[in-house]
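Reproduced below: run29.pdb, with PDB, C-alpha atoms.
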```pdb
ATOM      1  CA  MET W 138      18.354 -31.178  16.561
ATOM      2  CA  THR W 139      15.443 -33.268  17.881
ATOM      3  CA  GLN W 140      11.999 -32.212  16.658
ATOM      4  CA  LYS W 141       9.549 -31.085  19.309
ATOM      5  CA  ASN W 142       7.327 -34.079  18.590
ATOM      6  CA  GLY W 143      10.199 -36.459  17.976
ATOM      7  CA  TYR W 144      13.040 -38.351  19.571
ATOM      8  CA  ASP W 145      16.747 -38.675  19.162
ATOM      9  CA  VAL W 146      16.294 -42.450  19.135
ATOM     10  CA  VAL W 147      13.346 -44.804  18.938
ATOM     11  CA  VAL W 148      14.118 -48.300  20.215
ATOM     12  CA  VAL W 149      11.815 -50.965  18.818
ATOM     13  CA  GLY W 150      11.660 -53.726  21.398
ATOM     14  CA  GLY W 151      11.879 -53.635  25.178
ATOM     15  CA  GLY W 152      13.890 -56.751  25.890
ATOM     16  CA  THR W 153      17.394 -56.804  27.310
ATOM     17  CA  ALA W 154      19.151 -55.455  24.211
ATOM     18  CA  GLY W 155      16.662 -52.648  23.648
ATOM     19  CA  LEU W 156      16.615 -51.536  27.286
ATOM     20  CA  SER W 157      20.406 -51.627  27.439
ATOM     21  CA  ALA W 158      20.692 -49.346  24.404
ATOM     22  CA  ALA W 159      18.065 -47.037  25.885
ATOM     23  CA  LEU W 160      19.928 -46.873  29.211
ATOM     24  CA  VAL W 161      23.162 -45.741  27.573
ATOM     25  CA  LEU W 162      21.325 -43.198  25.451
ATOM     26  CA  GLY W 163      19.290 -41.894  28.381
ATOM     27  CA  ARG W 164      22.460 -41.401  30.391
ATOM     28  CA  SER W 165      23.799 -39.531  27.373
ATOM     29  CA  ARG W 166      20.947 -37.027  27.779
ATOM     30  CA  ARG W 167      19.163 -38.238  24.682
ATOM     31  CA  ARG W 168      15.413 -38.158  24.229
ATOM     32  CA  VAL W 169      14.547 -41.843  23.822
ATOM     33  CA  LEU W 170      11.345 -43.782  23.245
ATOM     34  CA  VAL W 171      11.194 -47.546  23.723
ATOM     35  CA  VAL W 172       8.218 -49.212  22.034
ATOM     36  CA  ASP W 173       7.698 -52.625  23.612
ATOM     37  CA  SER W 174       5.270 -55.279  22.385
ATOM     38  CA  GLY W 175       5.931 -57.392  25.486
ATOM     39  CA  GLU W 176       7.147 -60.539  23.700
ATOM     40  CA  PRO W 177      10.642 -61.373  25.016
ATOM     41  CA  ARG W 178      12.215 -64.579  23.752
ATOM     42  CA  ASN W 179      12.754 -65.967  27.246
ATOM     43  CA  ALA W 180       9.214 -65.292  28.500
ATOM     44  CA  PRO W 181       8.416 -69.028  28.930
ATOM     45  CA  ALA W 182      11.433 -69.528  31.220
ATOM     46  CA  ALA W 183      11.054 -69.258  34.986
ATOM     47  CA  HIS W 184      14.595 -68.005  35.421
ATOM     48  CA  MET W 185      17.642 -66.814  33.497
ATOM     49  CA  GLN W 186      21.212 -67.870  34.113
ATOM     50  CA  GLY W 187      24.756 -66.749  33.390
ATOM     51  CA  TYR W 188      24.227 -63.026  33.990
ATOM     52  CA  LEU W 189      26.708 -61.984  36.658
ATOM     53  CA  SER W 190      24.879 -60.669  39.773
ATOM     54  CA  ARG W 191      21.466 -61.622  38.295
ATOM     55  CA  ASP W 192      21.894 -65.390  37.983
ATOM     56  CA  GLY W 193      18.577 -67.147  38.575
ATOM     57  CA  MET W 194      16.461 -63.994  38.325
ATOM     58  CA  PRO W 195      13.030 -64.374  36.656
ATOM     59  CA  PRO W 196      13.138 -62.721  33.209
ATOM     60  CA  ALA W 197      10.044 -60.595  33.830
ATOM     61  CA  GLU W 198      11.524 -59.262  37.074
ATOM     62  CA  PHE W 199      14.804 -58.486  35.306
ATOM     63  CA  LEU W 200      13.080 -56.460  32.592
ATOM     64  CA  ALA W 201      10.881 -54.652  35.127
ATOM     65  CA  GLU W 202      13.999 -53.579  37.024
ATOM     66  CA  GLY W 203      15.518 -52.396  33.760
ATOM     67  CA  ARG W 204      12.486 -50.239  33.012
ATOM     68  CA  ARG W 205      12.675 -48.731  36.485
ATOM     69  CA  GLU W 206      16.298 -47.796  35.900
ATOM     70  CA  LEU W 207      15.369 -45.989  32.688
ATOM     71  CA  GLU W 208      12.887 -43.755  34.485
ATOM     72  CA  ARG W 209      15.576 -41.779  36.277
ATOM     73  CA  TYR W 210      17.027 -40.742  32.910
ATOM     74  CA  GLY W 211      13.749 -39.679  31.373
ATOM     75  CA  VAL W 212      13.535 -42.547  28.878
ATOM     76  CA  GLU W 213       9.941 -43.187  27.800
ATOM     77  CA  VAL W 214       8.702 -46.763  27.544
ATOM     78  CA  ALA W 215       5.403 -47.368  25.757
ATOM     79  CA  ARG W 216       3.556 -50.641  25.265
ATOM     80  CA  GLY W 217       2.749 -51.059  21.596
ATOM     81  CA  ARG W 218       3.987 -52.250  18.259
ATOM     82  CA  VAL W 219       5.890 -50.473  15.499
ATOM     83  CA  THR W 220       4.406 -51.287  12.112
ATOM     84  CA  GLU W 221       6.659 -49.273   9.839
ATOM     85  CA  VAL W 222       9.890 -47.293   9.783
ATOM     86  CA  LEU W 223       9.991 -44.791   6.916
ATOM     87  CA  PRO W 224      13.088 -42.836   5.842
ATOM     88  CA  ASP W 225      12.223 -39.144   5.649
ATOM     89  CA  GLY W 226      14.710 -38.344   2.880
ATOM     90  CA  ARG W 227      16.948 -36.363   5.233
ATOM     91  CA  GLY W 228      18.657 -39.250   6.960
ATOM     92  CA  GLU W 229      16.035 -39.582   9.694
ATOM     93  CA  PHE W 230      12.820 -41.580  10.109
ATOM     94  CA  GLY W 231       9.106 -41.568  10.622
ATOM     95  CA  VAL W 232       7.969 -44.376  12.918
ATOM     96  CA  ARG W 233       4.388 -45.586  12.659
ATOM     97  CA  LEU W 234       2.653 -47.426  15.485
ATOM     98  CA  ALA W 235      -0.094 -50.036  15.417
ATOM     99  CA  ASP W 236      -2.463 -47.737  17.320
ATOM    100  CA  GLY W 237      -2.284 -45.197  14.499
ATOM    101  CA  GLY W 238       0.229 -42.914  16.159
ATOM    102  CA  ALA W 239       3.481 -41.763  14.602
ATOM    103  CA  VAL W 240       6.721 -40.262  15.909
ATOM    104  CA  HIS W 241       9.923 -38.954  14.395
ATOM    105  CA  ALA W 242      13.331 -40.472  15.136
ATOM    106  CA  ARG W 243      16.821 -39.362  14.218
ATOM    107  CA  ARG W 244      18.050 -42.907  14.701
ATOM    108  CA  VAL W 245      16.316 -46.278  15.127
ATOM    109  CA  VAL W 246      17.377 -49.345  17.093
ATOM    110  CA  VAL W 247      15.641 -52.585  16.114
ATOM    111  CA  ALA W 248      15.608 -54.929  19.101
ATOM    112  CA  THR W 249      12.661 -57.107  18.109
ATOM    113  CA  GLY W 250      14.397 -60.394  18.876
ATOM    114  CA  LEU W 251      13.397 -63.724  17.397
ATOM    115  CA  VAL W 252      10.844 -66.489  17.724
ATOM    116  CA  ASP W 253      11.917 -70.021  18.604
ATOM    117  CA  GLU W 254       9.996 -72.577  16.535
ATOM    118  CA  PRO W 255      10.305 -75.957  18.293
ATOM    119  CA  PRO W 256       9.849 -79.235  16.418
ATOM    120  CA  ALA W 257       6.270 -80.071  15.456
ATOM    121  CA  VAL W 258       5.930 -82.927  17.931
ATOM    122  CA  PRO W 259       2.705 -82.993  19.967
ATOM    123  CA  GLY W 260       3.263 -81.656  23.478
ATOM    124  CA  VAL W 261       6.659 -80.050  22.837
ATOM    125  CA  ALA W 262       5.472 -76.464  22.385
ATOM    126  CA  GLY W 263       3.364 -76.583  25.554
ATOM    127  CA  ARG W 264       6.328 -77.544  27.718
ATOM    128  CA  TRP W 265       8.791 -75.177  26.053
ATOM    129  CA  GLY W 266      11.096 -73.501  28.562
ATOM    130  CA  ARG W 267       9.952 -75.772  31.401
ATOM    131  CA  ASP W 268      11.193 -79.325  30.895
ATOM    132  CA  VAL W 269      11.508 -79.139  27.113
ATOM    133  CA  LEU W 270      14.688 -77.115  26.704
ATOM    134  CA  HIS W 271      17.136 -76.029  24.034
ATOM    135  CA  CYS W 272      20.088 -74.500  25.899
ATOM    136  CA  PRO W 273      22.071 -76.394  28.556
ATOM    137  CA  TYR W 274      23.895 -73.191  29.503
ATOM    138  CA  CYS W 275      20.533 -71.655  30.371
ATOM    139  CA  HIS W 276      19.022 -74.643  32.186
ATOM    140  CA  GLY W 277      21.589 -77.427  32.525
ATOM    141  CA  TRP W 278      22.544 -76.800  36.145
ATOM    142  CA  GLU W 279      18.918 -76.753  37.281
ATOM    143  CA  VAL W 280      18.179 -80.170  35.707
ATOM    144  CA  ARG W 281      21.581 -81.767  36.320
ATOM    145  CA  ASP W 282      21.796 -85.533  36.813
ATOM    146  CA  GLN W 283      18.218 -86.127  35.671
ATOM    147  CA  PRO W 284      17.352 -88.509  32.828
ATOM    148  CA  PHE W 285      17.800 -86.459  29.644
ATOM    149  CA  GLY W 286      16.288 -87.062  26.262
ATOM    150  CA  VAL W 287      17.560 -85.363  23.120
ATOM    151  CA  LEU W 288      15.403 -85.127  20.014
ATOM    152  CA  ALA W 289      17.584 -85.475  16.929
ATOM    153  CA  PRO W 290      17.382 -82.443  14.648
ATOM    154  CA  GLU W 291      17.186 -82.363  10.867
ATOM    155  CA  PRO W 292      19.766 -82.254   9.375
ATOM    156  CA  PHE W 293      21.347 -84.434  12.033
ATOM    157  CA  ASN W 294      24.286 -83.365  14.128
ATOM    158  CA  SER W 295      25.145 -85.127  17.382
ATOM    159  CA  HIS W 296      26.529 -81.949  18.972
ATOM    160  CA  GLN W 297      23.636 -81.347  21.374
ATOM    161  CA  ALA W 298      23.448 -84.958  22.567
ATOM    162  CA  LEU W 299      27.186 -84.974  23.217
ATOM    163  CA  LEU W 300      27.205 -81.558  24.873
ATOM    164  CA  VAL W 301      24.522 -82.279  27.459
ATOM    165  CA  THR W 302      26.515 -85.216  28.833
ATOM    166  CA  GLN W 303      28.381 -82.588  30.845
ATOM    167  CA  TRP W 304      25.213 -82.130  32.940
ATOM    168  CA  SER W 305      23.941 -85.736  33.050
ATOM    169  CA  LYS W 306      25.396 -89.125  32.273
ATOM    170  CA  ASP W 307      21.915 -90.550  31.611
ATOM    171  CA  VAL W 308      21.311 -89.294  28.063
ATOM    172  CA  THR W 309      19.123 -90.895  25.412
ATOM    173  CA  LEU W 310      19.136 -89.663  21.830
ATOM    174  CA  PHE W 311      15.855 -90.145  19.957
ATOM    175  CA  LEU W 312      16.585 -90.328  16.242
ATOM    176  CA  HIS W 313      12.952 -89.455  15.428
ATOM    177  CA  THR W 314      12.894 -88.966  11.646
ATOM    178  CA  VAL W 315      16.640 -89.435  11.149
ATOM    179  CA  ARG W 316      17.181 -92.707   9.296
ATOM    180  CA  GLU W 317      20.948 -93.085   9.156
ATOM    181  CA  LEU W 318      23.979 -91.973  11.138
ATOM    182  CA  PRO W 319      27.544 -91.739   9.865
ATOM    183  CA  ASP W 320      29.923 -94.209  11.484
ATOM    184  CA  ALA W 321      31.843 -91.352  13.098
ATOM    185  CA  GLU W 322      28.669 -90.191  14.871
ATOM    186  CA  TRP W 323      27.957 -93.671  16.235
ATOM    187  CA  GLU W 324      31.516 -93.809  17.530
ATOM    188  CA  ARG W 325      31.299 -90.474  19.343
ATOM    189  CA  LEU W 326      27.891 -91.235  20.842
ATOM    190  CA  ALA W 327      29.151 -94.562  22.139
ATOM    191  CA  ALA W 328      32.256 -92.938  23.596
ATOM    192  CA  ALA W 329      30.067 -90.404  25.412
ATOM    193  CA  GLY W 330      27.781 -93.108  26.792
ATOM    194  CA  VAL W 331      24.700 -91.824  24.937
ATOM    195  CA  SER W 332      21.940 -94.367  24.310
ATOM    196  CA  VAL W 333      20.348 -94.180  20.861
ATOM    197  CA  VAL W 334      16.695 -95.000  20.135
ATOM    198  CA  GLU W 335      15.392 -95.396  16.590
ATOM    199  CA  GLY W 336      11.791 -94.591  15.748
ATOM    200  CA  GLU W 337       9.603 -91.520  15.348
ATOM    201  CA  VAL W 338       8.625 -89.581  18.460
ATOM    202  CA  THR W 339       4.873 -88.894  18.491
ATOM    203  CA  GLY W 340       4.306 -87.334  21.875
ATOM    204  CA  LEU W 341       5.258 -86.763  25.488
ATOM    205  CA  GLU W 342       4.059 -88.342  28.695
ATOM    206  CA  VAL W 343       3.190 -85.787  31.395
ATOM    207  CA  THR W 344       2.157 -86.560  34.976
ATOM    208  CA  ASP W 345       1.190 -83.896  37.531
ATOM    209  CA  ASP W 346       2.383 -81.218  35.108
ATOM    210  CA  ARG W 347       5.835 -82.760  34.827
ATOM    211  CA  LEU W 348       7.446 -84.512  31.876
ATOM    212  CA  THR W 349       7.805 -88.208  32.644
ATOM    213  CA  GLY W 350       8.441 -89.855  29.293
ATOM    214  CA  VAL W 351       8.895 -89.738  25.532
ATOM    215  CA  ARG W 352       6.423 -91.764  23.443
ATOM    216  CA  LEU W 353       7.248 -93.350  20.079
ATOM    217  CA  ALA W 354       4.938 -94.249  17.206
ATOM    218  CA  ASP W 355       5.217 -97.964  18.007
ATOM    219  CA  GLY W 356       3.836 -97.349  21.510
ATOM    220  CA  ARG W 357       7.090 -97.573  23.430
ATOM    221  CA  VAL W 358       7.552 -95.010  26.200
ATOM    222  CA  PHE W 359      10.997 -94.112  27.508
ATOM    223  CA  PRO W 360      11.080 -92.510  30.962
ATOM    224  CA  ARG W 361      12.705 -89.073  30.718
ATOM    225  CA  SER W 362      12.251 -85.968  32.871
ATOM    226  CA  VAL W 363      14.001 -83.501  30.534
ATOM    227  CA  LEU W 364      13.943 -83.275  26.738
ATOM    228  CA  PHE W 365      16.435 -81.147  24.834
ATOM    229  CA  VAL W 366      15.393 -80.105  21.342
ATOM    230  CA  THR W 367      16.773 -77.886  18.613
ATOM    231  CA  ALA W 368      14.398 -75.046  17.824
ATOM    232  CA  ARG W 369      14.456 -73.008  14.631
ATOM    233  CA  PRO W 370      15.244 -69.393  15.574
ATOM    234  CA  VAL W 371      13.339 -67.044  13.269
ATOM    235  CA  PRO W 372      14.246 -63.342  13.496
ATOM    236  CA  ARG W 373      11.503 -60.763  13.747
ATOM    237  CA  ASP W 374      13.041 -58.828  10.878
ATOM    238  CA  GLY W 375      10.012 -57.445   9.059
ATOM    239  CA  LEU W 376      10.928 -53.803   9.728
ATOM    240  CA  LEU W 377      14.466 -54.320   8.476
ATOM    241  CA  THR W 378      13.334 -56.237   5.417
ATOM    242  CA  ALA W 379      10.949 -53.428   4.502
ATOM    243  CA  LEU W 380      13.830 -50.956   4.789
ATOM    244  CA  GLY W 381      15.920 -53.051   2.402
ATOM    245  CA  ALA W 382      18.542 -53.953   5.002
ATOM    246  CA  GLY W 383      21.204 -56.379   3.841
ATOM    247  CA  THR W 384      21.458 -59.864   5.291
ATOM    248  CA  ARG W 385      24.153 -62.434   5.972
ATOM    249  CA  ASP W 386      23.868 -66.203   5.863
ATOM    250  CA  THR W 387      24.023 -68.173   9.132
ATOM    251  CA  PRO W 388      23.661 -71.925   9.798
ATOM    252  CA  VAL W 389      19.990 -71.285  10.700
ATOM    253  CA  GLY W 390      19.142 -68.939   7.847
ATOM    254  CA  PRO W 391      19.583 -65.278   6.931
ATOM    255  CA  TYR W 392      20.018 -62.596   9.612
ATOM    256  CA  PRO W 393      20.623 -58.843   9.291
ATOM    257  CA  ALA W 394      24.134 -57.887   8.264
ATOM    258  CA  VAL W 395      25.567 -55.698  11.035
ATOM    259  CA  ASP W 396      28.966 -54.392  12.073
ATOM    260  CA  GLU W 397      30.456 -54.853  15.538
ATOM    261  CA  THR W 398      28.241 -52.089  16.953
ATOM    262  CA  GLY W 399      24.997 -53.367  15.396
ATOM    263  CA  ARG W 400      24.913 -50.876  12.537
ATOM    264  CA  THR W 401      22.908 -52.286   9.623
ATOM    265  CA  THR W 402      23.358 -51.495   5.949
ATOM    266  CA  VAL W 403      20.618 -48.853   6.291
ATOM    267  CA  PRO W 404      22.230 -45.601   7.507
ATOM    268  CA  GLY W 405      20.796 -44.593  10.859
ATOM    269  CA  VAL W 406      19.402 -48.026  11.752
ATOM    270  CA  TRP W 407      20.924 -50.490  14.228
ATOM    271  CA  ALA W 408      19.919 -54.079  15.042
ATOM    272  CA  VAL W 409      20.841 -55.533  18.436
ATOM    273  CA  GLY W 410      20.391 -58.713  20.454
ATOM    274  CA  ASN W 411      18.616 -61.613  18.802
ATOM    275  CA  ALA W 412      17.354 -59.309  16.072
ATOM    276  CA  ALA W 413      20.943 -59.402  14.809
ATOM    277  CA  GLY W 414      21.891 -63.008  15.549
ATOM    278  CA  PRO W 415      20.525 -66.273  16.970
ATOM    279  CA  MET W 416      23.262 -66.949  19.531
ATOM    280  CA  GLU W 417      22.846 -63.930  21.814
ATOM    281  CA  GLN W 418      22.032 -64.867  25.402
ATOM    282  CA  VAL W 419      20.787 -62.257  27.875
ATOM    283  CA  ILE W 420      24.225 -61.057  28.880
ATOM    284  CA  ASN W 421      25.353 -60.822  25.246
ATOM    285  CA  ALA W 422      22.182 -58.948  24.326
ATOM    286  CA  ALA W 423      22.867 -56.384  27.037
ATOM    287  CA  SER W 424      26.368 -55.898  25.671
ATOM    288  CA  SER W 425      25.164 -55.454  22.092
ATOM    289  CA  GLY W 426      22.645 -52.815  23.181
ATOM    290  CA  TYR W 427      25.338 -50.977  25.117
ATOM    291  CA  ARG W 428      27.694 -50.879  22.133
ATOM    292  CA  ALA W 429      24.963 -49.590  19.850
ATOM    293  CA  GLY W 430      23.969 -46.883  22.326
ATOM    294  CA  VAL W 431      27.530 -45.626  22.625
ATOM    295  CA  MET W 432      27.996 -45.478  18.861
ATOM    296  CA  ILE W 433      24.644 -43.802  18.205
ATOM    297  CA  ASN W 434      25.280 -41.081  20.746
ATOM    298  CA  ALA W 435      28.747 -40.412  19.341
ATOM    299  CA  GLU W 436      27.336 -40.238  15.823
ATOM    300  CA  LEU W 437      24.651 -37.755  16.886
ATOM    301  CA  VAL W 438      27.167 -35.585  18.761
ATOM    302  CA  MET W 439      29.351 -35.309  15.679
ATOM    303  CA  ALA W 440      26.357 -34.751  13.384
ATOM    304  CA  ASP W 441      25.192 -31.827  15.523
ATOM    305  CA  ILE W 442      28.665 -30.309  15.698
ATOM    306  CA  ASP W 443      29.125 -30.628  11.938
ATOM    307  CA  ALA W 444      25.708 -29.070  11.318
ATOM    308  CA  GLU W 445      26.557 -26.148  13.619
ATOM    309  CA  ALA W 446      29.887 -25.642  11.884
ATOM    310  CA  ALA W 447      28.128 -25.618   8.493
ATOM    311  CA  ARG W 448      25.663 -22.983   9.701
ATOM    312  CA  ARG W 449      28.483 -20.824  10.921
ATOM    313  CA  ARG W 450      30.278 -21.141   7.601
ATOM    314  CA  ALA W 451      27.077 -20.044   5.919
ATOM    315  CA  GLY W 452      27.006 -16.931   8.083
ATOM    316  CA  VAL W 453      23.773 -17.826   9.838
ATOM    317  CA  PHE W 454      24.891 -16.319  13.137
ATOM    318  CA  ALA W 455      25.342 -12.627  13.970
ATOM    319  CA  PRO W 456      28.952 -11.398  14.148
ATOM    320  CA  GLU W 457      28.893 -10.722  17.911
ATOM    321  CA  PRO W 458      29.269 -14.372  19.003
ATOM    322  CA  GLU W 459      31.908 -14.884  16.341
ATOM    323  CA  ALA W 460      33.799 -11.885  17.631
ATOM    324  CA  ALA W 461      33.620 -13.273  21.151
ATOM    325  CA  VAL W 462      35.084 -16.583  19.973
ATOM    326  CA  ALA W 463      37.866 -14.664  18.202
ATOM    327  CA  ARG W 464      38.652 -12.667  21.346
ATOM    328  CA  VAL W 465      38.860 -15.860  23.441
ATOM    329  CA  ALA W 466      41.155 -17.438  20.861
ATOM    330  CA  ALA W 467      43.356 -14.360  20.706
ATOM    331  CA  GLY W 468      43.586 -14.096  24.476
ATOM    332  CA  GLY W 469      44.046 -17.773  25.127
ATOM    333  CA  ARG W 470      47.821 -17.601  25.492
ATOM    334  CA  GLU W 471      47.577 -14.622  27.801
ATOM    335  CA  HIS W 472      45.192 -16.458  30.107
ATOM    336  CA  GLY W 473      47.071 -19.737  29.987
ATOM    337  CA  LEU W 474      44.563 -21.487  27.722
ATOM    338  CA  ALA W 475      47.013 -22.196  24.914
ATOM    339  CA  GLY W 476      50.270 -24.078  24.860
TER     340      GLY W 476
END
```
Structure translated into structure tokens:
Amino acid sequence: MTQKNGYDVVVVGGGTAGLSAALVLGRSRRRVLVVDSGEPRNAPAAHMQGYLSRDGMPPAEFLAEGRRELERYGVEVARGRVTEVLPDGRGEFGVRLADGGAVHARRVVVATGLVDEPPAVPGVAGRWGRDVLHCPYCHGWEVRDQPFGVLAPEPFNSHQALLVTQWSKDVTLFLHTVRELPDAEWERLAAAGVSVVEGEVTGLEVTDDRLTGVRLADGRVFPRSVLFVTARPVPRDGLLTALGAGTRDTPVGPYPAVDETGRTTVPGVWAVGNAAGPMEQVINAASSGYRAGVMINAELVMADIDAEAARRRAGVFAPEPEAAVARVAAGGREHGLAG
């Protein structure tokens, strides 16, 4: 049972995945606390795409609507930061907050997301999510047919430069610090009509708060209005690491090892959304939170039933209720309750 000063579930992170898990759990009549530090991955973006019925909605507006939906189910949302999750030795957790507070949780959902680290090229970070982009599925339609630049990543793979040709046929790949390309890459880039520029990129040209060009170390400037880059997605996994959660290798580094519902290797702890993987877009994050919420509620239902059955076996309850159950069972056939 939930402690008087505790919660069935504490959700760490109030982005899409965390709010989705909280919604399912709130509708399951669970006492839920969402602790939100207010740092969603897509905060720099003016809009989000690909979410059926919410396509083009500003991310902040989307999350605000999500928080309003939680209110009707009694879910608590608090601004703050969780600094530590401590197993209590009984399969549940103490959750410590940055303001010095602490709560108890039967289960914990980590929905802390990740941080995108763009390339260390002057000007790139300041235009992130505006006209310096990383995902054509998120922004491609809005910038279609404009002059695209693509900053070659290390290690090099032409995938992004080839992919964005679906949204514009005017694509220039800047090799930046890449010195050599395999012959097969040259062949594919030529077939796709991608121009290739050698030389290190040292900055961006911006006019009237709009990207207008890409500047190289030798002084050349290539007019471009959009620059696609590959950012390094770094999970905010400090809480999970401290708990000793297992990890799995991905092409961009280690991420928490989870099953299909987000369950980590630490019993009672789930990781959802970008906390569990770098590829989750908003709609995928909502789905992962939903799956975790369903599984957590089911687990708690069964845990409570098993605990009640154990108490009854131990003779904790007076015989009167037991006798009543026996009378119902005995009279079930008479009253049409048994087959």
Rounded to one decimal place, report the CA of Gly151 (chain W)-CA of Asp268 (chain W) distance in Å. 26.3 Å
Counting only C-alpha atoms, the residue among W:Leu288, W:Ala328, W:Ala321, W:Ala180 that lies closest to Trp265 (chain W) is W:Ala180
Close residues, region 230-246 of chain W itself excluded, 7 Å, only C-alpha atoms, min 2 positions apart in chain, as number ranges by chain: W: 142-149, 217-225, 248, 405-408
Let me see the file: selected residues, C-alpha atoms, as a compact mmCIF listing (two decimals), in the coordinates of the input.
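Output below, filename out06.txt:
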```txt
# COMPACT_ATOMS: atom_id res chain seq x y z
CA ASN W 142 7.33 -34.08 18.59
CA GLY W 143 10.20 -36.46 17.98
CA TYR W 144 13.04 -38.35 19.57
CA ASP W 145 16.75 -38.67 19.16
CA VAL W 146 16.29 -42.45 19.14
CA VAL W 147 13.35 -44.80 18.94
CA VAL W 148 14.12 -48.30 20.22
CA VAL W 149 11.82 -50.96 18.82
CA GLY W 217 2.75 -51.06 21.60
CA ARG W 218 3.99 -52.25 18.26
CA VAL W 219 5.89 -50.47 15.50
CA THR W 220 4.41 -51.29 12.11
CA GLU W 221 6.66 -49.27 9.84
CA VAL W 222 9.89 -47.29 9.78
CA LEU W 223 9.99 -44.79 6.92
CA PRO W 224 13.09 -42.84 5.84
CA ASP W 225 12.22 -39.14 5.65
CA ALA W 248 15.61 -54.93 19.10
CA GLY W 405 20.80 -44.59 10.86
CA VAL W 406 19.40 -48.03 11.75
CA TRP W 407 20.92 -50.49 14.23
CA ALA W 408 19.92 -54.08 15.04
```
Restricting the calculation to all atoms listed in the file, which member of W:Met416, W:Ala215, W:Val308, W:Val247 is positioned closest to Thr378 (chain W)? W:Val247
Edge lengths and centre in Å to one decimal, as AutoDock Vina command-line options, is what I'm after for the box along x, y and z that holds all listed atoms of region 209-224 of chain W once 6 Å is added on each side.
```
--center_x 9.9 --center_y -46.0 --center_z 21.1 --size_x 26.3 --size_y 24.6 --size_z 42.4
```
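With distances restricted to all atoms listed in the file, W:Leu364 is the closest residue to Arg347 (chain W) from W:Met194, W:Ala327, W:Leu364, W:Leu170.
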